[in-house]
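Q: Okay, so here is target.pdb, and as you'll see once you scroll down, it has PDB, C-alpha atoms.
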ATOM      1  CA  MET A  21      11.910  25.744 -14.216
ATOM      2  CA  SER A  22      14.298  23.537 -12.244
ATOM      3  CA  GLU A  23      11.988  23.720  -9.192
ATOM      4  CA  ILE A  24       9.015  22.674 -11.316
ATOM      5  CA  LEU A  25      10.941  19.714 -12.706
ATOM      6  CA  GLN A  26      12.087  18.770  -9.231
ATOM      7  CA  ASP A  27       8.507  18.905  -7.933
ATOM      8  CA  LEU A  28       7.322  16.729 -10.815
ATOM      9  CA  TYR A  29      10.081  14.239 -10.145
ATOM     10  CA  GLN A  30       9.119  14.038  -6.463
ATOM     11  CA  THR A  31       5.450  13.631  -7.409
ATOM     12  CA  PHE A  32       6.044  10.743  -9.798
ATOM     13  CA  PHE A  33       9.271   9.145  -8.554
ATOM     14  CA  GLY A  34       9.828  10.455  -5.002
ATOM     15  CA  ALA A  35      10.985   8.385  -2.054
ATOM     16  CA  SER A  36       7.414   7.825  -0.846
ATOM     17  CA  LEU A  37       6.665   5.721  -3.950
ATOM     18  CA  VAL A  38       7.682   2.109  -4.503
ATOM     19  CA  ILE A  39       8.678   2.989  -8.078
ATOM     20  CA  ALA A  40      11.365   5.413  -6.893
ATOM     21  CA  PRO A  41      14.556   4.579  -8.836
ATOM     22  CA  GLY A  42      16.469   3.505  -5.736
ATOM     23  CA  TYR A  43      13.777   1.021  -4.736
ATOM     24  CA  LEU A  44      13.526  -0.323  -8.282
ATOM     25  CA  LEU A  45      17.287  -0.877  -8.367
ATOM     26  CA  LEU A  46      17.035  -2.807  -5.104
ATOM     27  CA  ALA A  47      14.176  -4.850  -6.562
ATOM     28  CA  VAL A  48      16.155  -5.582  -9.733
ATOM     29  CA  ALA A  49      19.105  -6.777  -7.632
ATOM     30  CA  ALA A  50      16.832  -9.082  -5.625
ATOM     31  CA  ALA A  51      15.192 -10.345  -8.820
ATOM     32  CA  TRP A  52      18.624 -11.093 -10.294
ATOM     33  CA  LEU A  53      19.431 -13.244  -7.258
ATOM     34  CA  VAL A  54      16.151 -15.109  -7.752
ATOM     35  CA  TYR A  55      16.937 -15.556 -11.452
ATOM     36  CA  ARG A  56      20.416 -16.897 -10.733
ATOM     37  CA  GLY A  57      19.325 -19.016  -7.787
ATOM     38  CA  ARG A  58      16.693 -20.774  -9.871
ATOM     39  CA  ARG A  59      19.105 -21.161 -12.796
ATOM     40  CA  MET A  60      16.665 -19.696 -15.256
ATOM     41  CA  THR A  61      17.495 -19.282 -18.927
ATOM     42  CA  GLY A  62      16.346 -17.088 -21.784
ATOM     43  CA  GLY A  63      17.850 -13.809 -20.661
ATOM     44  CA  PHE A  64      17.406 -11.904 -17.411
ATOM     45  CA  TRP A  65      15.700  -8.806 -18.819
ATOM     46  CA  ARG A  66      13.251 -10.827 -20.936
ATOM     47  CA  TRP A  67      12.328 -12.706 -17.774
ATOM     48  CA  LEU A  68      12.143  -9.599 -15.589
ATOM     49  CA  VAL A  69      10.140  -7.405 -18.003
ATOM     50  CA  PRO A  70       8.132  -9.824 -20.174
ATOM     51  CA  LYS A  71       6.099  -8.285 -22.970
ATOM     52  CA  GLU A  72       3.030 -10.367 -22.138
ATOM     53  CA  ILE A  73       2.843  -8.618 -18.764
ATOM     54  CA  TYR A  74       4.047  -5.099 -19.506
ATOM     55  CA  LEU A  75       1.988  -4.776 -22.698
ATOM     56  CA  HIS A  76      -1.092  -6.359 -21.118
ATOM     57  CA  GLN A  77      -4.199  -4.165 -21.049
ATOM     58  CA  SER A  78      -4.353  -4.568 -17.280
ATOM     59  CA  HIS A  79      -0.906  -2.980 -16.910
ATOM     60  CA  LEU A  80      -1.893  -0.138 -19.231
ATOM     61  CA  ILE A  81      -4.847   0.560 -16.916
ATOM     62  CA  ASP A  82      -2.434   0.510 -13.976
ATOM     63  CA  ILE A  83      -0.444   3.294 -15.610
ATOM     64  CA  GLN A  84      -3.559   5.369 -16.289
ATOM     65  CA  LEU A  85      -4.735   5.072 -12.680
ATOM     66  CA  PHE A  86      -1.222   5.879 -11.473
ATOM     67  CA  ALA A  87      -1.306   9.054 -13.577
ATOM     68  CA  ILE A  88      -4.678  10.021 -12.056
ATOM     69  CA  SER A  89      -3.440   9.482  -8.485
ATOM     70  CA  ARG A  90      -0.257  11.436  -9.124
ATOM     71  CA  GLY A  91      -2.367  14.167 -10.691
ATOM     72  CA  PHE A  92      -4.212  14.410  -7.381
ATOM     73  CA  ALA A  93      -0.854  14.872  -5.675
ATOM     74  CA  ALA A  94       0.458  17.363  -8.236
ATOM     75  CA  PHE A  95      -2.579  19.611  -7.880
ATOM     76  CA  GLY A  96      -2.451  19.509  -4.098
ATOM     77  CA  ILE A  97      -5.667  17.523  -3.683
ATOM     78  CA  LEU A  98      -4.069  14.884  -1.474
ATOM     79  CA  GLY A  99      -2.345  17.562   0.578
ATOM     80  CA  ALA A 100      -5.670  19.304   1.144
ATOM     81  CA  LEU A 101      -7.204  16.027   2.356
ATOM     82  CA  THR A 102      -4.360  15.162   4.704
ATOM     83  CA  LEU A 103      -5.475  15.663   8.299
ATOM     84  CA  THR A 104      -2.222  14.703  10.022
ATOM     85  CA  THR A 105      -1.129  18.175  11.130
ATOM     86  CA  VAL A 106      -4.587  19.299  12.290
ATOM     87  CA  ILE A 107      -5.258  16.157  14.296
ATOM     88  CA  ALA A 108      -1.717  15.941  15.688
ATOM     89  CA  THR A 109      -1.937  19.531  16.906
ATOM     90  CA  PHE A 110      -5.296  18.916  18.580
ATOM     91  CA  VAL A 111      -4.239  15.651  20.245
ATOM     92  CA  ALA A 112      -0.947  17.138  21.450
ATOM     93  CA  GLY A 113      -2.876  20.067  22.935
ATOM     94  CA  VAL A 114      -5.151  17.887  25.044
ATOM     95  CA  MET A 115      -2.382  15.609  26.266
ATOM     96  CA  PRO A 116      -1.393  15.941  29.955
ATOM     97  CA  ALA A 117       1.969  17.354  30.967
ATOM     98  CA  PRO A 118       4.931  15.815  29.106
ATOM     99  CA  ILE A 119       5.961  12.490  30.616
ATOM    100  CA  LEU A 120       9.207  11.906  28.745
ATOM    101  CA  ALA A 121      12.476  13.711  29.300
ATOM    102  CA  PRO A 122      14.193  15.582  26.432
ATOM    103  CA  HIS A 123      15.989  13.320  23.976
ATOM    104  CA  SER A 124      14.771  10.200  25.797
ATOM    105  CA  LEU A 125      13.722   8.718  22.470
ATOM    106  CA  GLY A 126      16.107   8.553  19.534
ATOM    107  CA  PRO A 127      15.040   9.001  15.883
ATOM    108  CA  VAL A 128      14.770   5.243  15.298
ATOM    109  CA  MET A 129      12.517   4.741  18.325
ATOM    110  CA  LEU A 130      10.394   7.716  17.282
ATOM    111  CA  ALA A 131      10.037   6.144  13.858
ATOM    112  CA  LEU A 132       8.999   2.779  15.280
ATOM    113  CA  ILE A 133       6.472   4.369  17.649
ATOM    114  CA  LEU A 134       4.683   5.883  14.668
ATOM    115  CA  TRP A 135       5.241   3.159  12.110
ATOM    116  CA  VAL A 136       4.111   0.097  14.081
ATOM    117  CA  PRO A 137       0.626   1.372  15.062
ATOM    118  CA  THR A 138       0.197   2.839  11.584
ATOM    119  CA  ASP A 139       0.997  -0.519  10.001
ATOM    120  CA  PHE A 140      -1.432  -2.149  12.453
ATOM    121  CA  ALA A 141      -4.163   0.303  11.427
ATOM    122  CA  ASN A 142      -3.422  -0.298   7.738
ATOM    123  CA  TYR A 143      -3.910  -4.031   8.315
ATOM    124  CA  TRP A 144      -7.397  -3.451   9.718
ATOM    125  CA  MET A 145      -8.308  -0.893   7.078
ATOM    126  CA  HIS A 146      -7.323  -3.435   4.420
ATOM    127  CA  ARG A 147      -9.489  -6.085   6.092
ATOM    128  CA  PHE A 148     -12.431  -3.678   6.242
ATOM    129  CA  TYR A 149     -12.112  -3.018   2.523
ATOM    130  CA  HIS A 150     -12.476  -6.759   1.922
ATOM    131  CA  ARG A 151     -15.185  -7.489   4.497
ATOM    132  CA  TRP A 152     -17.420  -4.409   4.265
ATOM    133  CA  SER A 153     -19.572  -4.617   1.139
ATOM    134  CA  ALA A 154     -20.264  -0.872   1.197
ATOM    135  CA  ILE A 155     -16.642  -0.015   0.345
ATOM    136  CA  TRP A 156     -15.408  -3.243  -1.272
ATOM    137  CA  PRO A 157     -16.197  -1.952  -4.815
ATOM    138  CA  LEU A 158     -13.480   0.675  -4.387
ATOM    139  CA  HIS A 159     -10.847  -1.875  -3.394
ATOM    140  CA  ALA A 160     -12.083  -4.320  -6.033
ATOM    141  CA  VAL A 161     -10.446  -2.032  -8.587
ATOM    142  CA  HIS A 162      -7.060  -2.957  -7.136
ATOM    143  CA  HIS A 163      -7.855  -6.674  -7.209
ATOM    144  CA  SER A 164      -9.112  -6.562 -10.783
ATOM    145  CA  ALA A 165      -5.508  -6.527 -12.027
ATOM    146  CA  GLU A 166      -4.826  -9.587 -14.185
ATOM    147  CA  VAL A 167      -1.063  -9.069 -14.107
ATOM    148  CA  LEU A 168       1.062  -7.559 -11.365
ATOM    149  CA  THR A 169       3.750  -4.924 -11.846
ATOM    150  CA  PRO A 170       5.060  -2.247  -9.464
ATOM    151  CA  PHE A 171       2.507   0.144 -10.995
ATOM    152  CA  THR A 172      -0.294  -2.119  -9.721
ATOM    153  CA  THR A 173       0.473  -0.665  -6.288
ATOM    154  CA  TYR A 174      -1.289   2.482  -7.521
ATOM    155  CA  ARG A 175      -4.207   0.746  -9.203
ATOM    156  CA  GLN A 176      -6.662   2.519  -6.907
ATOM    157  CA  HIS A 177     -10.053   4.094  -7.513
ATOM    158  CA  PRO A 178      -9.918   7.897  -7.046
ATOM    159  CA  VAL A 179     -12.634   7.745  -4.382
ATOM    160  CA  GLY A 180     -10.662   5.016  -2.636
ATOM    161  CA  ILE A 181      -7.615   7.279  -2.660
ATOM    162  CA  VAL A 182      -9.654   9.986  -0.924
ATOM    163  CA  VAL A 183     -10.960   7.544   1.712
ATOM    164  CA  SER A 184      -7.531   6.041   2.363
ATOM    165  CA  THR A 185      -5.884   9.463   2.600
ATOM    166  CA  LEU A 186      -8.417  10.687   5.156
ATOM    167  CA  VAL A 187      -8.191   7.540   7.288
ATOM    168  CA  GLN A 188      -4.428   7.068   7.144
ATOM    169  CA  SER A 189      -3.610  10.720   7.772
ATOM    170  CA  SER A 190      -6.021  10.726  10.740
ATOM    171  CA  ILE A 191      -4.363   7.666  12.273
ATOM    172  CA  ILE A 192      -0.890   9.120  11.798
ATOM    173  CA  GLY A 193      -2.119  12.403  13.247
ATOM    174  CA  VAL A 194      -3.402  10.729  16.418
ATOM    175  CA  VAL A 195      -0.209   8.746  16.967
ATOM    176  CA  GLN A 196       2.001  11.720  16.186
ATOM    177  CA  GLY A 197      -0.085  13.953  18.468
ATOM    178  CA  VAL A 198       0.292  11.514  21.360
ATOM    179  CA  LEU A 199       4.011  11.339  20.668
ATOM    180  CA  VAL A 200       4.456  15.100  20.556
ATOM    181  CA  GLY A 201       2.299  15.592  23.653
ATOM    182  CA  ALA A 202       4.270  13.019  25.618
ATOM    183  CA  LEU A 203       7.633  14.592  24.826
ATOM    184  CA  SER A 204       9.162  17.477  26.686
ATOM    185  CA  PRO A 205       8.790  20.818  24.886
ATOM    186  CA  GLU A 206      12.578  20.915  24.889
ATOM    187  CA  THR A 207      12.650  18.014  22.459
ATOM    188  CA  ALA A 208      13.481  19.401  19.052
ATOM    189  CA  VAL A 209      10.662  19.061  16.528
ATOM    190  CA  ALA A 210      13.352  18.100  14.039
ATOM    191  CA  GLN A 211      13.722  14.800  15.882
ATOM    192  CA  ILE A 212      10.154  13.915  15.027
ATOM    193  CA  ALA A 213      11.085  14.217  11.363
ATOM    194  CA  GLY A 214      12.809  10.889  11.958
ATOM    195  CA  ILE A 215       9.390   9.237  11.924
ATOM    196  CA  ASN A 216       9.650   9.101   8.138
ATOM    197  CA  ALA A 217      12.589   6.705   8.377
ATOM    198  CA  CYS A 218      10.507   3.572   8.789
ATOM    199  CA  PHE A 219       8.221   4.482   5.900
ATOM    200  CA  VAL A 220      11.281   4.777   3.673
ATOM    201  CA  LEU A 221      12.690   1.492   4.968
ATOM    202  CA  ALA A 222       9.350  -0.233   4.438
ATOM    203  CA  ASN A 223       9.350   0.861   0.801
ATOM    204  CA  ALA A 224      12.962  -0.163   0.393
ATOM    205  CA  ALA A 225      12.235  -3.639   1.773
ATOM    206  CA  LEU A 226      11.507  -5.000  -1.692
ATOM    207  CA  ALA A 227       7.992  -3.554  -1.766
ATOM    208  CA  ALA A 228       8.320  -3.048  -5.518
ATOM    209  CA  LEU A 229       8.280  -6.842  -5.899
ATOM    210  CA  HIS A 230       5.032  -7.268  -3.949
ATOM    211  CA  HIS A 231       3.201  -6.497  -7.167
ATOM    212  CA  SER A 232       5.251  -8.449  -9.689
ATOM    213  CA  HIS A 233       5.660 -11.910 -11.164
ATOM    214  CA  VAL A 234       8.921 -12.446  -9.261
ATOM    215  CA  TRP A 235       8.237 -15.254  -6.775
ATOM    216  CA  LEU A 236      10.275 -14.394  -3.694
ATOM    217  CA  SER A 237       9.469 -16.050  -0.372
ATOM    218  CA  TYR A 238      11.280 -15.226   2.874
ATOM    219  CA  GLY A 239      10.736 -18.668   4.401
ATOM    220  CA  PRO A 240       8.314 -19.885   7.092
ATOM    221  CA  VAL A 241      10.062 -18.146   9.989
ATOM    222  CA  LEU A 242      10.530 -14.646   8.565
ATOM    223  CA  GLU A 243       7.130 -14.709   6.857
ATOM    224  CA  ARG A 244       5.523 -14.690  10.299
ATOM    225  CA  LEU A 245       7.089 -11.273  10.813
ATOM    226  CA  ILE A 246       7.364  -9.572   7.418
ATOM    227  CA  ILE A 247       5.140  -9.826   4.349
ATOM    228  CA  SER A 248       7.132 -11.233   1.444
ATOM    229  CA  PRO A 249       6.437 -10.533  -2.244
ATOM    230  CA  ALA A 250       5.147 -14.103  -2.617
ATOM    231  CA  GLN A 251       2.750 -13.628   0.297
ATOM    232  CA  HIS A 252       1.252 -10.498  -1.225
ATOM    233  CA  GLN A 253       0.919 -12.223  -4.582
ATOM    234  CA  ILE A 254      -1.023 -14.953  -2.732
ATOM    235  CA  HIS A 255      -3.321 -12.175  -1.464
ATOM    236  CA  HIS A 256      -4.142 -11.277  -5.094
ATOM    237  CA  SER A 257      -4.774 -14.893  -6.127
ATOM    238  CA  ARG A 258      -8.153 -16.071  -7.430
ATOM    239  CA  ASP A 259      -7.714 -19.437  -5.697
ATOM    240  CA  PRO A 260     -10.391 -19.747  -2.955
ATOM    241  CA  ALA A 261      -7.716 -21.222  -0.668
ATOM    242  CA  HIS A 262      -6.016 -17.826  -0.723
ATOM    243  CA  TYR A 263      -9.079 -15.683  -0.026
ATOM    244  CA  GLY A 264      -8.891 -13.503   3.061
ATOM    245  CA  LYS A 265      -5.168 -14.047   3.595
ATOM    246  CA  ASN A 266      -2.144 -11.782   4.078
ATOM    247  CA  PHE A 267      -3.707  -8.364   4.633
ATOM    248  CA  GLY A 268      -0.516  -6.937   6.132
ATOM    249  CA  ASN A 269       1.169  -4.025   4.437
ATOM    250  CA  SER A 270       4.723  -4.505   5.728
ATOM    251  CA  LEU A 271       4.427  -6.617   8.884
ATOM    252  CA  ALA A 272       3.007 -10.146   8.833
ATOM    253  CA  VAL A 273       2.674 -10.174  12.614
ATOM    254  CA  TRP A 274      -0.897  -8.864  12.456
ATOM    255  CA  ASP A 275      -1.965 -11.666  10.092
ATOM    256  CA  TRP A 276      -0.296 -14.156  12.414
ATOM    257  CA  MET A 277      -2.045 -12.699  15.462
ATOM    258  CA  PHE A 278      -5.522 -12.545  13.902
ATOM    259  CA  GLY A 279      -5.602 -15.776  11.911
ATOM    260  CA  THR A 280      -5.229 -14.445   8.362
ATOM    261  CA  LEU A 281      -1.616 -15.515   7.731
ATOM    262  CA  TYR A 282      -0.746 -17.695   4.739
ATOM    263  CA  ILE A 283       2.828 -18.949   4.806
ATOM    264  CA  VAL A 284       4.349 -19.961   1.492
ATOM    265  CA  ARG A 285       5.459 -23.604   1.494
ATOM    266  CA  GLY A 286       6.657 -23.840  -2.093
ATOM    267  CA  ASP A 287       6.122 -22.520  -5.599
ATOM    268  CA  GLU A 288       2.500 -21.927  -6.556
ATOM    269  CA  THR A 289       0.936 -21.112  -9.900
ATOM    270  CA  LEU A 290      -1.343 -18.129  -9.424
ATOM    271  CA  THR A 291      -4.101 -16.533 -11.485
ATOM    272  CA  PHE A 292      -4.967 -12.925 -10.699
ATOM    273  CA  GLY A 293      -8.147 -10.919 -11.075
ATOM    274  CA  LEU A 294     -11.782 -11.292 -10.001
ATOM    275  CA  ALA A 295     -14.098 -14.127 -10.999
ATOM    276  CA  GLU A 296     -17.462 -12.980  -9.595
ATOM    277  CA  ASP A 297     -20.187 -11.838 -12.013
ATOM    278  CA  ALA A 298     -20.528  -8.514 -10.186
ATOM    279  CA  GLU A 299     -16.900  -7.708 -11.033
ATOM    280  CA  LYS A 300     -17.195  -8.232 -14.793
ATOM    281  CA  PRO A 301     -17.233  -4.480 -15.588
ATOM    282  CA  LEU A 302     -13.879  -4.132 -13.821
ATOM    283  CA  MET A 303     -12.446  -7.101 -15.685
ATOM    284  CA  THR A 304     -13.064  -5.413 -19.038
ATOM    285  CA  GLN A 305      -9.818  -3.556 -18.280
ATOM    286  CA  ARG A 306     -11.318  -0.326 -19.604
ATOM    287  CA  LEU A 307     -10.960   2.918 -17.699
ATOM    288  CA  GLY A 308     -14.603   4.017 -18.009
ATOM    289  CA  PRO A 309     -16.187   0.983 -16.300
ATOM    290  CA  ILE A 310     -13.392   0.851 -13.732
ATOM    291  CA  LEU A 311     -14.091   4.437 -12.688
ATOM    292  CA  TRP A 312     -17.892   4.347 -12.864
ATOM    293  CA  ASP A 313     -18.959   0.837 -11.820
ATOM    294  CA  PRO A 314     -17.719   1.021  -8.188
ATOM    295  CA  VAL A 315     -19.548   4.322  -7.727
ATOM    296  CA  ARG A 316     -22.724   2.862  -9.269
ATOM    297  CA  ARG A 317     -22.566  -0.176  -6.965
ATOM    298  CA  MET A 318     -21.978   1.934  -3.872
ATOM    299  CA  LEU A 319     -24.884   4.251  -4.738
ATOM    300  CA  ARG A 320     -27.125   1.230  -5.266
ATOM    301  CA  LEU A 321     -26.104  -0.247  -1.895
ATOM    302  CA  ALA A 322     -26.728   3.112  -0.215
ATOM    303  CA  GLY A 323     -30.190   3.265  -1.828
ATOM    304  CA  GLN A 324     -31.015  -0.236  -0.648
ATOM    305  CA  GLY A 325     -29.900   0.699   2.859
ATOM    306  CA  ARG A 326     -32.235   3.706   2.953
ATOM    307  CA  SER A 327     -35.159   1.693   1.607
ATOM    308  CA  ASN A 328     -34.599  -0.989   4.259
ATOM    309  CA  GLY A 329     -34.137   1.513   7.070
TER     310      GLY A 329
END
Could you show the structure in this file as structure tokens?
A:
Amino acid sequence: MSEILQDLYQTFFGASLVIAPGYLLLAVAAAWLVYRGRRMTGGFWRWLVPKEIYLHQSHLIDIQLFAISRGFAAFGILGALTLTTVIATFVAGVMPAPILAPHSLGPVMLALILWVPTDFANYWMHRFYHRWSAIWPLHAVHHSAEVLTPFTTYRQHPVGIVVSTLVQSSIIGVVQGVLVGALSPETAVAQIAGINACFVLANAALAALHHSHVWLSYGPVLERLIISPAQHQIHHSRDPAHYGKNFGNSLAVWDWMFGTLYIVRGDETLTFGLAEDAEKPLMTQRLGPILWDPVRRMLRLAGQGRSNG
């Protein structure tokens, strides 16, 4: 029984999730500093967890979609779709003779070697979701949120979860395979376990506030390097001036390099959600249309493609 409870805890509140208790405590501490720094009144907890946000129908949908995604994980569906090990083994097998001496790379360097290209790939995958009409309906579910809370992180269409899992695990598999193939066989496999360190740090870096109403900017210098909560909230904004900005997951460098960076210059009043007529079914904030409408739109686009081919 204890193992079952432990597995459930890891599935719903494990270290890979931004709602893990440790990350939430870090976010609360940062939010308290914002609250004090801005000399707000009315009570910290009423400001941090306002009823109008956490009882909003949009947030209730967030929780339902979170439960569906975690159900995928609990039943092993995501594990079955993860291609990391298969691809890493193949890539490592076709690599030439090891070029790095044993222990030439420490755990932190190993983590960076995997994390940086993975974050780069996530930037481009995010841009493709926005620019490619064939898959945008899946990502539109995420952007249909009218309020932001940490649970909005997991406001994802189930089909989108499948696509993202396949792509992300493949990218990690390639990078990890190159890494393993380049290392001497004498390098302990346990060292490569250190690659998870940067993923944990990325979550700990206030990621829980990215989807929240807490306006926290890192300033114009740091926001060229790291995506702040305010920058990601800008990404969700309905203001046309914010469209196509801040696609980065953790690093802002990619947005800076490829012209999609929006640096926060001061407080902004934001409205979230989607305004286009095609997105109205998603904006009903009902689970049925949110699950079915993206599939319907994608099938229609596929049919139009065949008829035009």
Q: Could you check how far atom CA of Ala298 of chain A sits from atom CA of Ser257 of chain A, in Å to one decimal?
A: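 One can read the atom CA of Ala298 of chain A to atom CA of Ser257 of chain A distance as 17.5 Å.
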Q: Using all atoms listed in the file, which of the listed residues (A:Val315, A:Leu85, A:Val187, A:Met303) sits closest to Thr104 of chain A?
A: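 Comparing A:Val315, A:Leu85, A:Val187, A:Met303 against Thr104 of chain A, the winner is A:Val187.
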Q: Which residue gives the smallest distance to His150 of chain A among A:Tyr29, A:Phe267, A:Trp52, A:Tyr238, with only C-alpha atoms counted?
A: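 Nearest to His150 of chain A: A:Phe267.
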Q: Quick one: distance from atom CA of Ser248 of chain A to atom CA of Trp235 of chain A in Å, one decimal?
A: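 Separating atom CA of Ser248 of chain A from atom CA of Trp235 of chain A is a distance of 9.2 Å.
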Q: What is the atom CA of Pro249 of chain A to atom CA of Thr102 of chain A distance in Å?
A: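 Atom CA of Thr102 of chain A lies 28.7 Å from atom CA of Pro249 of chain A.
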Q: Mind checking which residues fall within 10 Å of Pro314 of chain A, counting all atoms listed in the file, ignoring those fewer than 6 positions away in the same chain, and posting them as a list in words?
A: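 Within the cut-off, the hits are Ala154, Ile155, Trp156, Pro157, Leu158, His159, Ala160, Val161, His177, Val179, Gly180, Glu299, Pro301, Leu302 and Arg320 of chain A.
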Q: Run the PyMOL selection byres ((chain A and resi 233) around 9) mentally over the shown coordinates, then write out the matched residues as an NGL selection string, using the chain letters and numbers from the document.
A: :A and (68 or 73 or 167-169 or 229-232 or 234-235 or 250 or 253)
Q: Pull C-alpha atoms from the residues just selected and write them as an mmCIF file, keeping the file's coordinate frame.
A:
data_model
loop_
_atom_site.group_PDB
_atom_site.id
_atom_site.type_symbol
_atom_site.label_atom_id
_atom_site.label_comp_id
_atom_site.auth_asym_id
_atom_site.auth_seq_id
_atom_site.Cartn_x
_atom_site.Cartn_y
_atom_site.Cartn_z
ATOM 1 C CA LEU A 68 12.143 -9.599 -15.589
ATOM 2 C CA ILE A 73 2.843 -8.618 -18.764
ATOM 3 C CA VAL A 167 -1.063 -9.069 -14.107
ATOM 4 C CA LEU A 168 1.062 -7.559 -11.365
ATOM 5 C CA THR A 169 3.750 -4.924 -11.846
ATOM 6 C CA LEU A 229 8.280 -6.842 -5.899
ATOM 7 C CA HIS A 230 5.032 -7.268 -3.949
ATOM 8 C CA HIS A 231 3.201 -6.497 -7.167
ATOM 9 C CA SER A 232 5.251 -8.449 -9.689
ATOM 10 C CA VAL A 234 8.921 -12.446 -9.261
ATOM 11 C CA TRP A 235 8.237 -15.254 -6.775
ATOM 12 C CA ALA A 250 5.147 -14.103 -2.617
ATOM 13 C CA GLN A 253 0.919 -12.223 -4.582
#
Q: What's around Val182 of chain A at 8 Å? Count only C-alpha atoms, leave out sequence neighbours fewer than 3 positions away in its own chain, and write the answer as a PyMOL selection string.
A: chain A and resi 98+101+178-179+185-186
Q: Which is closest to Val284 of chain A among A:Lys300, A:Ile254, A:Asp313, A:Thr61, if we use only C-alpha atoms?
A: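 Checking each candidate against Val284 of chain A, we get A:Ile254 as the closest.
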Q: Which residues would end up in the selection if the PyMOL selection byres ((chain A and resi 262) around 10) were applied here, given that I need the answer as an mmCIF file with C-alpha atoms, in the coordinates of the input?
A:
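The resulting file, result.cif, is reproduced below:
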data_model
loop_
_atom_site.group_PDB
_atom_site.id
_atom_site.type_symbol
_atom_site.label_atom_id
_atom_site.label_comp_id
_atom_site.auth_asym_id
_atom_site.auth_seq_id
_atom_site.Cartn_x
_atom_site.Cartn_y
_atom_site.Cartn_z
ATOM 1 C CA GLN A 251 2.750 -13.628 0.297
ATOM 2 C CA GLN A 253 0.919 -12.223 -4.582
ATOM 3 C CA ILE A 254 -1.023 -14.953 -2.732
ATOM 4 C CA HIS A 255 -3.321 -12.175 -1.464
ATOM 5 C CA HIS A 256 -4.142 -11.277 -5.094
ATOM 6 C CA SER A 257 -4.774 -14.893 -6.127
ATOM 7 C CA ARG A 258 -8.153 -16.071 -7.430
ATOM 8 C CA ASP A 259 -7.714 -19.437 -5.697
ATOM 9 C CA PRO A 260 -10.391 -19.747 -2.955
ATOM 10 C CA ALA A 261 -7.716 -21.222 -0.668
ATOM 11 C CA TYR A 263 -9.079 -15.683 -0.026
ATOM 12 C CA GLY A 264 -8.891 -13.503 3.061
ATOM 13 C CA LYS A 265 -5.168 -14.047 3.595
ATOM 14 C CA ASN A 266 -2.144 -11.782 4.078
ATOM 15 C CA THR A 280 -5.229 -14.445 8.362
ATOM 16 C CA LEU A 281 -1.616 -15.515 7.731
ATOM 17 C CA TYR A 282 -0.746 -17.695 4.739
ATOM 18 C CA LEU A 290 -1.343 -18.129 -9.424
#
Q: Which of these, A:Val48, A:Gly63, A:Asp275, A:Gln30, has the shortest distance to Trp144 of chain A once you count all atoms listed in the file?
A: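 The answer is A:Asp275, which sits nearest to Trp144 of chain A.
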Q: I'd like to see the residues matched by the PyMOL selection byres ((chain A and resi 166) around 8) on this file, and ideally I'd get them as an MDAnalysis selection string.
A: chainID A and resid 78 164:165 167:168 291:293
Q: Under the rule that all atoms listed in the file are counted, which of A:Asp82, A:Asp27, A:Glu243, A:Glu72 is the nearest residue to Pro170 of chain A?
A: A:Asp82
Q: Just want the 9 Å neighbourhood of Asp139 of chain A, counted on all atoms listed in the file, with same-chain residues fewer than 3 positions away dropped. Output as a ChimeraX atom specification.
A: /A:134-136,142-144,268-271,274
Q: Save out the residues we just selected, C-alpha atoms, as a short mmCIF file (atom, residue, chain, number, x, y, z; two decimals), keeping the file's coordinate frame.
A:
data_model
loop_
_atom_site.label_atom_id
_atom_site.label_comp_id
_atom_site.auth_asym_id
_atom_site.auth_seq_id
_atom_site.Cartn_x
_atom_site.Cartn_y
_atom_site.Cartn_z
CA LEU A 134 4.68 5.88 14.67
CA TRP A 135 5.24 3.16 12.11
CA VAL A 136 4.11 0.10 14.08
CA ASN A 142 -3.42 -0.30 7.74
CA TYR A 143 -3.91 -4.03 8.32
CA TRP A 144 -7.40 -3.45 9.72
CA GLY A 268 -0.52 -6.94 6.13
CA ASN A 269 1.17 -4.03 4.44
CA SER A 270 4.72 -4.50 5.73
CA LEU A 271 4.43 -6.62 8.88
CA TRP A 274 -0.90 -8.86 12.46
#
Q: Identify which of the residues A:Thr172, A:Thr289, A:Gln26, A:Thr109 lies closest to Val198 of chain A, counting only C-alpha atoms when measuring atom-to-atom distances.
A: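 The shortest atom-to-atom distance to Val198 of chain A comes from A:Thr109.
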Q: For segment 131-136 of chain A, where the input has fewer atoms than it should, I would like N, CA and C atoms rebuilt and written as a PDB file, in the frame of the given file.
A:
ATOM      1  N   ALA A 131      10.566   6.696  15.105  1.00  0.00           N
ATOM      2  CA  ALA A 131      10.037   6.144  13.858  1.00  0.00           C
ATOM      3  C   ALA A 131       9.210   4.893  14.127  1.00  0.00           C
ATOM      4  N   LEU A 132       9.713   4.016  14.976  1.00  0.00           N
ATOM      5  CA  LEU A 132       8.999   2.779  15.280  1.00  0.00           C
ATOM      6  C   LEU A 132       7.674   3.057  15.990  1.00  0.00           C
ATOM      7  N   ILE A 133       7.684   4.044  16.897  1.00  0.00           N
ATOM      8  CA  ILE A 133       6.472   4.369  17.649  1.00  0.00           C
ATOM      9  C   ILE A 133       5.355   4.809  16.706  1.00  0.00           C
ATOM     10  N   LEU A 134       5.700   5.477  15.631  1.00  0.00           N
ATOM     11  CA  LEU A 134       4.683   5.883  14.668  1.00  0.00           C
ATOM     12  C   LEU A 134       4.383   4.767  13.678  1.00  0.00           C
ATOM     13  N   TRP A 135       5.420   4.115  13.200  1.00  0.00           N
ATOM     14  CA  TRP A 135       5.241   3.159  12.110  1.00  0.00           C
ATOM     15  C   TRP A 135       4.448   1.925  12.519  1.00  0.00           C
ATOM     16  N   VAL A 136       4.748   1.354  13.685  1.00  0.00           N
ATOM     17  CA  VAL A 136       4.111   0.097  14.081  1.00  0.00           C
ATOM     18  C   VAL A 136       2.598   0.252  14.235  1.00  0.00           C
TER      19      VAL A 136
END
